[in-house]
Amino acid sequence: MAIQIRQYILVLLLSFNFSFCAFSQETESRISLSEILSILEQHYKVQFNYAEDAVSGILVEPPKSTLSLNEALSYLEIQTDFQYQITEDNMILVIANNPAFDLQKLSEVMVSGYIVKGINKLSNGSFEIKVSEFDILPGLVETDVLQAVQAFPGIQSINETVSNINIRGGSHDQNLILWDDIKMYQSGHFFGLISMFNPQITQRVSLTKNGSSTEFTDGVSGTISMETDKNINKVFNGNIGVNFIDANGFVDVPISKKSSLQVAARKALSDFTETPTYNNFFERISQDTEVENNTMSITNSDKTFDFYDASLRWIYKINKNEILRVNFINATNELVFNENTTIDAIEDSRESSLSQHSIAGAISYSKVWNTKWQTVFEAYETDYKLKSINANLLDSQRFLQENKISETSLKLKANHKFNGRFQLLSGYHFVETKMTNLDDVDVPRFKLLVSEVVRTHGVFSQLSYKSNDKNTNITSGIRYNYIDKFSKHLLEPRLSFSHKFLDFFSVEVLGEFKHQNSSQIINFQNDFLGIEKRRWQLSNDNDIPVILSRQASLGLSYSQNGWLVSAEGYYKKIKGITTQSQGFQNQYEFVRTSGFNEVGGLDFIVRKRLNNFNSWLSYSFMNSDYTFSDSPESTFPSNYDIRHAITLGTNYTSGKLKVSAGLNWNSGRPTTIPIEGNELSNGEINYNRTNSSKLKDYLRVDVSALYNFRLSTATNANLGLSVWNLLNRENIINSFYRINNNAVTEVKQQSLGITPNLIFRVNF
């Protein structure tokens with residue numbers, strides 16, 4: 001078997017080398033690969049799914065018209081460095097070959113175009129978004145990856161931000177967010193209104209709700225993993241763009257035949273101009289905070305906000321079996337304003353500020369030893385810092401707060417391929433996490449500095465099986481964790497099973513145990529100027545327990561002739577959550593206790609693709625309850641218990657134009673109201689049962705359009721327009737109560753109003 005594989009690889013290599021050597025002699029008989037694919041689409045009535053930049057510049061002699069479809073695809077596989085995989089709905093995926101990265105091959109695509117083109121369902125139960133192939137979603141003119149994942153049923157944001165994504169009723173800190181295998185503790189710019197991760201360098205996004213690989217820890221609710229391109233580019237390309245929020249650029253530079261460098265950067269436009277979108281965003285993040293409202297004798301002025309990010313990916317192909325990859329990312333948000341007052345006829349002014357900063361780097365070394373063995377070594381360092389300086393003019397006081405994280409990770413993986421059906425992945429993972437919290441007041445002098453470190457050792461192994469007909473896929477494994485600070489041993493089994501039957505049906509079973517050592521807590525609602533009031537804190541295995549989760553799900557899908565119908569039921573239990581991590585603003589706001597969260601629900605989607613139209617309807621039902629045994633009520637609905645959510649969308653694509661429109665509705669988040677007629681008791685708010693009421697239904701309509709056109713033979717451009725909340729509906733996304741002048745008043749926080757965005761991008 002090994003000899004046959006070597007012979008096959010040798011034949012392919014000889015074919016590629018021959019093709020390269022003969023290129024100059026046969027140019028006249030060759031045409032572009034993209035043109036050939038277009039001809040095959042018309043001839044065989046199929047559709048190819050591929051990244052345009054991946055096939056650009058590739059010239060191939062066309063296959064003979066007398067060949068069958070399978071024969072034509074086999075011919076192209078020999079002539080090009082691609083695989084051509086036919087899906088069940090007559091879609092053909094064009095997948096790049098790269099042996100040094102493909103022994104640990106990605107799972108097979110079960111459903112292509114799960115919602116729109118570029119979003120696929122994989123056989124391991126996860127979903128992928130291929131950014132270069134991505135179509136268009138309502139309200140998004142840029143491929144904001146953390147906004148795009150909210151298109152999936154069961155995933156939404158309780159307050160419309162990417163820094164508060166709720167996967168099946170979980171809080172945002174329960175999500176594992178990875179950028180090229182680096183754990184990120186910050187996810188958004190504008191303190192959560194847009195993603196921190198530049199879509200120009202992010203090529204693939206993987207979303208896992210359940211049944212995750214044993215190599216991953218953390219993320220008891222789900223995993224969002226972003227990846228840069230793993231291929232070495234041989235042709236220089238890049239783009240520059242501008243929208244109503246920022247200016248951005250990206251370049252992919254071939255350094256040699258063995259190496260290429262990608263660099264991307266973004267910068268807010270606030271230094272140059274303030275657009276309607278910028279103003280809407282600023283008003284949204286400053287609602288009911290010290291930035292917007294101060295005491296009656298103090299006014300705020302000179303409010304400025306800025307953000308930027310820069311990311312880098314370098315790949316060096318040492319030889320045909322060894323590849324080295326280096327990644328770097330740096331991102332910052334900064335808000336500054338002046339607080340002004342007049343005391344004894346003397347004007348006084350002091351600066352207050354809030355900054356949020358992430359910087360991280362990683363190195364990955366992959367080696368293919370032979371046709372059966374591959375090893376990968378990964379290491380990263382990620383650092384996060386949230387800092388605020390709050391000036392109190394009336395008391396001549398300065399309040400400094402900091403939340404800092406420094407995390408180091410080392411991972412060694414070995415993948416053994418027994419044959420075409422069985423693979424074994426095993427490895428070791430070490431993580432050291434240090435978190436520091438500082439509260440510093442100058443007058444009267446007070447300083448509290450708490451620094452904690454937790455080290456975790458993990459050993460993992462999983463066996464994957466794929467049947468010869470590719471209809472059955474099973475991945476089962478276990479992860480052993482040892483947390484040295486608490487002398488704690490944790491065993492975490494994982495399971496992913498899928499089976500395709502009767503040609504058009506598939507069944508899926510997923511399950512996992514997971515844990516995590518960190519969470520985001522709120523001590524006071526006015527911490528960090530009340531904007532990003534959450535701070536990361538490590539578990540102490542006491543009043544802040546290690547968080548443990550168990551989850552199971554069962555799904556059934558039908559896919560044929562452009563139709564997709566899929567339903568998945570699930571149950572999830574998360575132990576070790578605290579009231580501080582759940583964002584209470586009612587009778588539990590200052591309670592310090594721990595408990596668990598039980599969630600059960602159903603995710604459903606139906607999608608139909610017809611000619612140039614693609615339409616979908618998704619529905620999510622969820623029942624999420626807290627149990628805090630030390631609290632008076634013990635069990636009550638969670639803060640993320642949105643029972644019903646519906647998304648309706650449609651796309652139209654014709655040549656160079658893409659148009660999309662959609663509607664988002666949910667039944668409103670839970671809230672706690674005072675007892676009518678008896679709102680105050682002993683100077684405190686007299687609340688009704690916790691989360692026994694609901695806010696009004698949430699409804700939002702979004703539209704977007706994108707037009708591609710050519711500026712020259714080597715340059716094309718994109719012009720796009722999106723409108724968020726087209727109907728300008730006033731949605732209440734949060735409500736809480738406070739005592740003012742011995743009376744209870746309600747504070748309502750509104751979602752974004754009508755918010756346009758315009759993009760112009762030049763690709764070269």
# chains A, B, ... in the order shown; residues from 1 in each chain; ligands from 1
$ residues_around --residues "Val205 of chain A" --least-positions-apart "6" --cutoff "9 Å" --atoms "only C-alpha atoms" --output "list of chain:residue names"
A:Phe127, A:Glu128, A:Ile129, A:Lys130, A:Val131, A:Val145, A:Val149, A:Ile224, A:Ser225, A:Met226, A:Glu227
$ residues_around --residues "Gly249 of chain A" --least-positions-apart "2" --cutoff "10 Å" --atoms "only C-alpha atoms" --output "ChimeraX atom specification"
/A:198,200-201,238-242,247,251,263-267,310,761-763
$ write_last_selection --atoms "all heavy atoms" --output "short mmCIF file (atom, residue, chain, number, x, y, z; two decimals), in the first residue's frame"
data_model
loop_
_atom_site.label_atom_id
_atom_site.label_comp_id
_atom_site.auth_asym_id
_atom_site.auth_seq_id
_atom_site.Cartn_x
_atom_site.Cartn_y
_atom_site.Cartn_z
N ASN A 198 -9.41 41.07 11.19
CA ASN A 198 -9.49 41.60 9.84
C ASN A 198 -9.89 40.50 8.86
O ASN A 198 -9.18 39.50 8.72
CB ASN A 198 -8.12 42.18 9.46
CG ASN A 198 -8.19 43.05 8.23
OD1 ASN A 198 -8.91 42.76 7.28
ND2 ASN A 198 -7.43 44.12 8.23
N GLN A 200 -9.73 40.43 5.73
CA GLN A 200 -8.87 40.33 4.55
C GLN A 200 -7.76 39.30 4.72
O GLN A 200 -7.27 38.74 3.75
CB GLN A 200 -8.27 41.71 4.22
CG GLN A 200 -9.28 42.80 4.04
CD GLN A 200 -10.36 42.43 3.05
OE1 GLN A 200 -10.08 41.91 1.97
NE2 GLN A 200 -11.61 42.69 3.40
N ILE A 201 -7.37 39.03 5.98
CA ILE A 201 -6.32 38.04 6.22
C ILE A 201 -6.90 36.76 6.80
O ILE A 201 -6.26 35.71 6.78
CB ILE A 201 -5.23 38.61 7.16
CG1 ILE A 201 -3.95 37.75 7.06
CG2 ILE A 201 -5.72 38.72 8.58
CD1 ILE A 201 -2.76 38.34 7.80
N GLY A 238 -3.09 41.98 -3.38
CA GLY A 238 -3.48 42.74 -2.20
C GLY A 238 -4.72 43.57 -2.48
O GLY A 238 -5.32 43.48 -3.55
N ASN A 239 -5.10 44.35 -1.50
CA ASN A 239 -6.25 45.24 -1.68
C ASN A 239 -6.18 46.37 -0.67
O ASN A 239 -5.52 46.26 0.37
CB ASN A 239 -7.57 44.48 -1.57
CG ASN A 239 -7.77 43.85 -0.21
OD1 ASN A 239 -7.96 44.55 0.79
ND2 ASN A 239 -7.75 42.52 -0.16
N ILE A 240 -6.85 47.44 -0.99
CA ILE A 240 -7.04 48.55 -0.06
C ILE A 240 -8.52 48.92 -0.09
O ILE A 240 -9.18 48.82 -1.13
CB ILE A 240 -6.18 49.78 -0.41
CG1 ILE A 240 -6.42 50.22 -1.86
CG2 ILE A 240 -4.71 49.51 -0.16
CD1 ILE A 240 -5.71 51.51 -2.22
N GLY A 241 -9.05 49.28 1.08
CA GLY A 241 -10.47 49.59 1.15
C GLY A 241 -10.77 50.64 2.19
O GLY A 241 -9.97 50.90 3.10
N VAL A 242 -11.94 51.23 2.04
CA VAL A 242 -12.40 52.22 3.00
C VAL A 242 -13.91 52.07 3.16
O VAL A 242 -14.62 51.74 2.20
CB VAL A 242 -12.03 53.65 2.55
CG1 VAL A 242 -12.72 54.01 1.24
CG2 VAL A 242 -12.35 54.68 3.62
N ALA A 247 -10.31 52.58 7.43
CA ALA A 247 -9.55 52.33 6.21
C ALA A 247 -8.69 51.11 6.48
O ALA A 247 -8.18 50.93 7.59
CB ALA A 247 -8.70 53.53 5.85
N VAL A 251 -1.81 42.83 1.95
CA VAL A 251 -0.90 42.39 0.89
C VAL A 251 -0.47 40.96 1.17
O VAL A 251 -0.30 40.56 2.33
CB VAL A 251 0.34 43.30 0.76
CG1 VAL A 251 -0.02 44.65 0.21
CG2 VAL A 251 1.09 43.41 2.08
N VAL A 263 0.26 40.53 5.29
CA VAL A 263 0.15 41.60 6.27
C VAL A 263 -1.19 42.31 6.05
O VAL A 263 -1.55 42.61 4.91
CB VAL A 263 1.30 42.62 6.16
CG1 VAL A 263 1.14 43.73 7.19
CG2 VAL A 263 2.65 41.93 6.35
N ALA A 264 -1.91 42.57 7.14
CA ALA A 264 -3.18 43.30 7.06
C ALA A 264 -3.24 44.33 8.17
O ALA A 264 -2.69 44.11 9.27
CB ALA A 264 -4.36 42.34 7.17
N ALA A 265 -3.91 45.45 7.90
CA ALA A 265 -4.01 46.51 8.91
C ALA A 265 -5.30 47.29 8.71
O ALA A 265 -5.81 47.40 7.58
CB ALA A 265 -2.81 47.45 8.84
N ARG A 266 -5.84 47.81 9.83
CA ARG A 266 -7.04 48.66 9.81
C ARG A 266 -6.84 49.82 10.77
O ARG A 266 -6.19 49.70 11.81
CB ARG A 266 -8.29 47.88 10.24
CG ARG A 266 -8.87 47.00 9.20
CD ARG A 266 -10.22 46.45 9.63
NE ARG A 266 -10.13 45.62 10.82
CZ ARG A 266 -11.17 45.01 11.39
NH1 ARG A 266 -12.38 45.18 10.88
NH2 ARG A 266 -11.02 44.26 12.45
N LYS A 267 -7.45 50.95 10.44
CA LYS A 267 -7.38 52.13 11.29
C LYS A 267 -8.70 52.88 11.21
O LYS A 267 -9.26 53.07 10.13
CB LYS A 267 -6.24 53.05 10.82
CG LYS A 267 -6.13 54.39 11.53
CD LYS A 267 -5.59 54.23 12.93
CE LYS A 267 -5.22 55.57 13.54
NZ LYS A 267 -6.37 56.49 13.67
N ALA A 310 -3.41 45.26 13.47
CA ALA A 310 -2.42 44.81 12.49
C ALA A 310 -2.18 43.33 12.71
O ALA A 310 -2.09 42.87 13.85
CB ALA A 310 -1.12 45.59 12.62
N ARG A 761 -13.53 49.01 -2.31
CA ARG A 761 -12.29 48.26 -2.19
C ARG A 761 -11.70 48.02 -3.57
O ARG A 761 -12.42 47.70 -4.53
CB ARG A 761 -12.55 46.92 -1.50
CG ARG A 761 -11.28 46.07 -1.30
CD ARG A 761 -11.56 44.83 -0.48
NE ARG A 761 -12.19 45.16 0.76
CZ ARG A 761 -11.56 45.66 1.81
NH1 ARG A 761 -10.26 45.90 1.74
NH2 ARG A 761 -12.22 45.95 2.91
N VAL A 762 -10.39 48.17 -3.67
CA VAL A 762 -9.66 47.90 -4.91
C VAL A 762 -8.76 46.70 -4.68
O VAL A 762 -7.96 46.68 -3.74
CB VAL A 762 -8.82 49.12 -5.34
CG1 VAL A 762 -8.01 48.79 -6.59
CG2 VAL A 762 -9.71 50.32 -5.59
N ASN A 763 -8.90 45.69 -5.53
CA ASN A 763 -8.10 44.47 -5.45
C ASN A 763 -7.08 44.45 -6.58
O ASN A 763 -7.44 44.66 -7.74
CB ASN A 763 -9.01 43.24 -5.56
CG ASN A 763 -10.12 43.24 -4.53
OD1 ASN A 763 -9.90 42.96 -3.37
ND2 ASN A 763 -11.33 43.58 -4.98
#
$ residues_around --residues "Glu676 of chain A" --least-positions-apart "4" --cutoff "10 Å" --atoms "only C-alpha atoms" --output "MDAnalysis selection string"
chainID A and resid 680 686:688
$ atom_distance --atom1 "atom CA of Phe505 of chain A" --atom2 "atom CA of Val565 of chain A"
9.6 Å
$ select_by_dssp --residues "segment 385-599 of chain A" --states "strand (DSSP E)" --output "VMD selection string"
chain A and resid 385 to 392 397 to 417 422 to 441 446 to 466 472 to 483 488 to 501 505 to 516 518 to 521 535 to 538 547 to 560 563 to 578 594 to 599
$ atom_distance --atom1 "atom CA of Ser667 of chain A" --atom2 "atom CA of Tyr558 of chain A"
27.9 Å
$ closest_atom_pairs --of "segment 468-585 of chain A" --to "segment 394-417 of chain A" --cutoff "9 Å" --atoms "only C-alpha atoms" --output "Markdown table"
| residue | atom | partner | partner_atom | distance |
| --- | --- | --- | --- | --- |
| A:Asp527 | CA | A:Gln401 | CA | 7.9 |
| A:Phe528 | CA | A:Gln401 | CA | 6.7 |
| A:Arg535 | CA | A:Asn403 | CA | 6.1 |
| A:Trp536 | CA | A:Asn403 | CA | 6.9 |
| A:Gln537 | CA | A:Asn403 | CA | 8.6 |
$ write_last_selection --atoms "N, CA, C and O atoms" --output "PDB file, in the first residue's frame"
ATOM      1  N   ASP A 527     -17.596  49.980  36.818  1.00  0.00           N
ATOM      2  CA  ASP A 527     -16.191  49.654  36.598  1.00  0.00           C
ATOM      3  C   ASP A 527     -15.799  49.959  35.160  1.00  0.00           C
ATOM      4  O   ASP A 527     -16.587  49.797  34.222  1.00  0.00           O
ATOM      5  N   PHE A 528     -14.555  50.398  34.975  1.00  0.00           N
ATOM      6  CA  PHE A 528     -14.020  50.723  33.652  1.00  0.00           C
ATOM      7  C   PHE A 528     -14.960  51.673  32.902  1.00  0.00           C
ATOM      8  O   PHE A 528     -15.308  51.455  31.738  1.00  0.00           O
ATOM      9  N   ARG A 535     -14.353  42.018  33.770  1.00  0.00           N
ATOM     10  CA  ARG A 535     -12.929  41.739  33.889  1.00  0.00           C
ATOM     11  C   ARG A 535     -12.716  40.232  33.977  1.00  0.00           C
ATOM     12  O   ARG A 535     -13.517  39.505  34.551  1.00  0.00           O
ATOM     13  N   TRP A 536     -11.627  39.771  33.353  1.00  0.00           N
ATOM     14  CA  TRP A 536     -11.299  38.353  33.395  1.00  0.00           C
ATOM     15  C   TRP A 536     -10.726  37.991  34.758  1.00  0.00           C
ATOM     16  O   TRP A 536      -9.938  38.745  35.334  1.00  0.00           O
ATOM     17  N   GLN A 537     -11.131  36.818  35.245  1.00  0.00           N
ATOM     18  CA  GLN A 537     -10.643  36.343  36.532  1.00  0.00           C
ATOM     19  C   GLN A 537     -10.490  34.829  36.488  1.00  0.00           C
ATOM     20  O   GLN A 537     -11.322  34.112  35.927  1.00  0.00           O
TER      21      GLN A 537
END
$ closest_atom_pairs --of "segment 235-302 of chain A" --to "segment 158-168 of chain A" --cutoff "12 Å" --atoms "only C-alpha atoms" --output "tab-separated table"
residue	atom	partner	partner_atom	distance
A:Phe281	CA	A:Thr161	CA	10.8
A:Arg284	CA	A:Glu160	CA	10.3
A:Ile285	CA	A:Thr161	CA	9.8
$ residues_around --residues "segment 587-602 of chain A" --least-positions-apart "5" --cutoff "8 Å" --atoms "only C-alpha atoms" --output "VMD selection string"
chain A and resid 154 168 to 169 523 543 to 545 567 to 580 620 to 631 638 687 690
$ residues_around --residues "Thr472 of chain A" --least-positions-apart "6" --cutoff "8 Å" --atoms "only C-alpha atoms" --output "ChimeraX atom specification"
/A:465-466,497-500
$ residues_around --residues "Ser487 of chain A" --least-positions-apart "3" --cutoff "12 Å" --atoms "only C-alpha atoms" --output "list of chain:residue names"
A:Val454, A:Arg455, A:Thr456, A:His457, A:Asn481, A:Tyr482, A:Ile483, A:Asp484, A:Leu490, A:Asn540, A:Asp541
$ write_last_selection --atoms "C-alpha atoms" --output "short mmCIF file (atom, residue, chain, number, x, y, z; two decimals), in the first residue's frame"
data_model
loop_
_atom_site.label_atom_id
_atom_site.label_comp_id
_atom_site.auth_asym_id
_atom_site.auth_seq_id
_atom_site.Cartn_x
_atom_site.Cartn_y
_atom_site.Cartn_z
CA VAL A 454 -3.00 28.55 36.90
CA ARG A 455 -1.10 25.87 34.98
CA THR A 456 -2.86 23.03 33.17
CA HIS A 457 -1.38 19.89 31.62
CA ASN A 481 -6.36 17.40 32.28
CA TYR A 482 -4.37 18.06 35.42
CA ILE A 483 -4.68 21.50 37.06
CA ASP A 484 -1.63 21.64 39.33
CA LEU A 490 -10.43 15.90 34.82
CA ASN A 540 -9.83 29.56 42.61
CA ASP A 541 -11.69 26.24 42.98
#
$ closest_residue --among "A:Asp246, A:Met110, A:His189, A:Asp135" --to "Gln560 of chain A" --atoms "only C-alpha atoms"
A:Met110
$ residues_around --residues "Arg494 of chain A" --least-positions-apart "2" --cutoff "12 Å" --atoms "only C-alpha atoms" --output "PyMOL selection string"
chain A and resi 124+210-217+460-464+474-480+491-492+496-497+509-514+549-552
$ atom_distance --atom1 "atom CA of Asn757 of chain A" --atom2 "atom CA of Arg729 of chain A"
17.5 Å
$ decode --residues "segment 380-396 of chain A" --atoms "N, CA and C atoms" --output "compact mmCIF listing (two decimals), in the first residue's frame"
# COMPACT_ATOMS: atom_id res chain seq x y z
N TYR A 380 2.25 29.57 21.52
CA TYR A 380 1.79 30.95 21.42
C TYR A 380 1.93 31.67 22.75
N GLU A 381 2.00 32.98 22.65
CA GLU A 381 1.93 33.89 23.80
C GLU A 381 0.87 34.93 23.47
N THR A 382 -0.13 35.05 24.34
CA THR A 382 -1.20 36.03 24.12
C THR A 382 -1.32 36.91 25.36
N ASP A 383 -1.42 38.23 25.14
CA ASP A 383 -1.51 39.19 26.24
C ASP A 383 -2.67 40.15 25.99
N TYR A 384 -3.37 40.45 27.06
CA TYR A 384 -4.55 41.32 27.00
C TYR A 384 -4.49 42.31 28.15
N LYS A 385 -4.90 43.56 27.88
CA LYS A 385 -4.90 44.58 28.93
C LYS A 385 -6.09 45.51 28.76
N LEU A 386 -6.86 45.65 29.82
CA LEU A 386 -7.97 46.61 29.88
C LEU A 386 -7.63 47.61 30.97
N LYS A 387 -7.61 48.89 30.63
CA LYS A 387 -7.18 49.92 31.58
C LYS A 387 -8.10 51.13 31.50
N SER A 388 -8.49 51.65 32.66
CA SER A 388 -9.28 52.88 32.69
C SER A 388 -8.73 53.82 33.75
N ILE A 389 -8.80 55.10 33.44
CA ILE A 389 -8.46 56.16 34.39
C ILE A 389 -9.69 57.06 34.50
N ASN A 390 -10.28 57.09 35.69
CA ASN A 390 -11.51 57.84 35.92
C ASN A 390 -11.20 59.04 36.82
N ALA A 391 -11.37 60.23 36.27
CA ALA A 391 -11.09 61.45 37.03
C ALA A 391 -12.34 61.90 37.77
N ASN A 392 -12.22 62.07 39.08
CA ASN A 392 -13.31 62.59 39.92
C ASN A 392 -12.94 64.00 40.33
N LEU A 393 -13.51 65.00 39.62
CA LEU A 393 -13.13 66.39 39.85
C LEU A 393 -13.59 66.91 41.21
N LEU A 394 -14.79 66.51 41.61
CA LEU A 394 -15.35 67.06 42.85
C LEU A 394 -14.54 66.64 44.07
N ASP A 395 -13.97 65.44 44.04
CA ASP A 395 -13.17 64.95 45.16
C ASP A 395 -11.68 64.98 44.88
N SER A 396 -11.30 65.58 43.74
CA SER A 396 -9.88 65.63 43.34
C SER A 396 -9.25 64.25 43.42
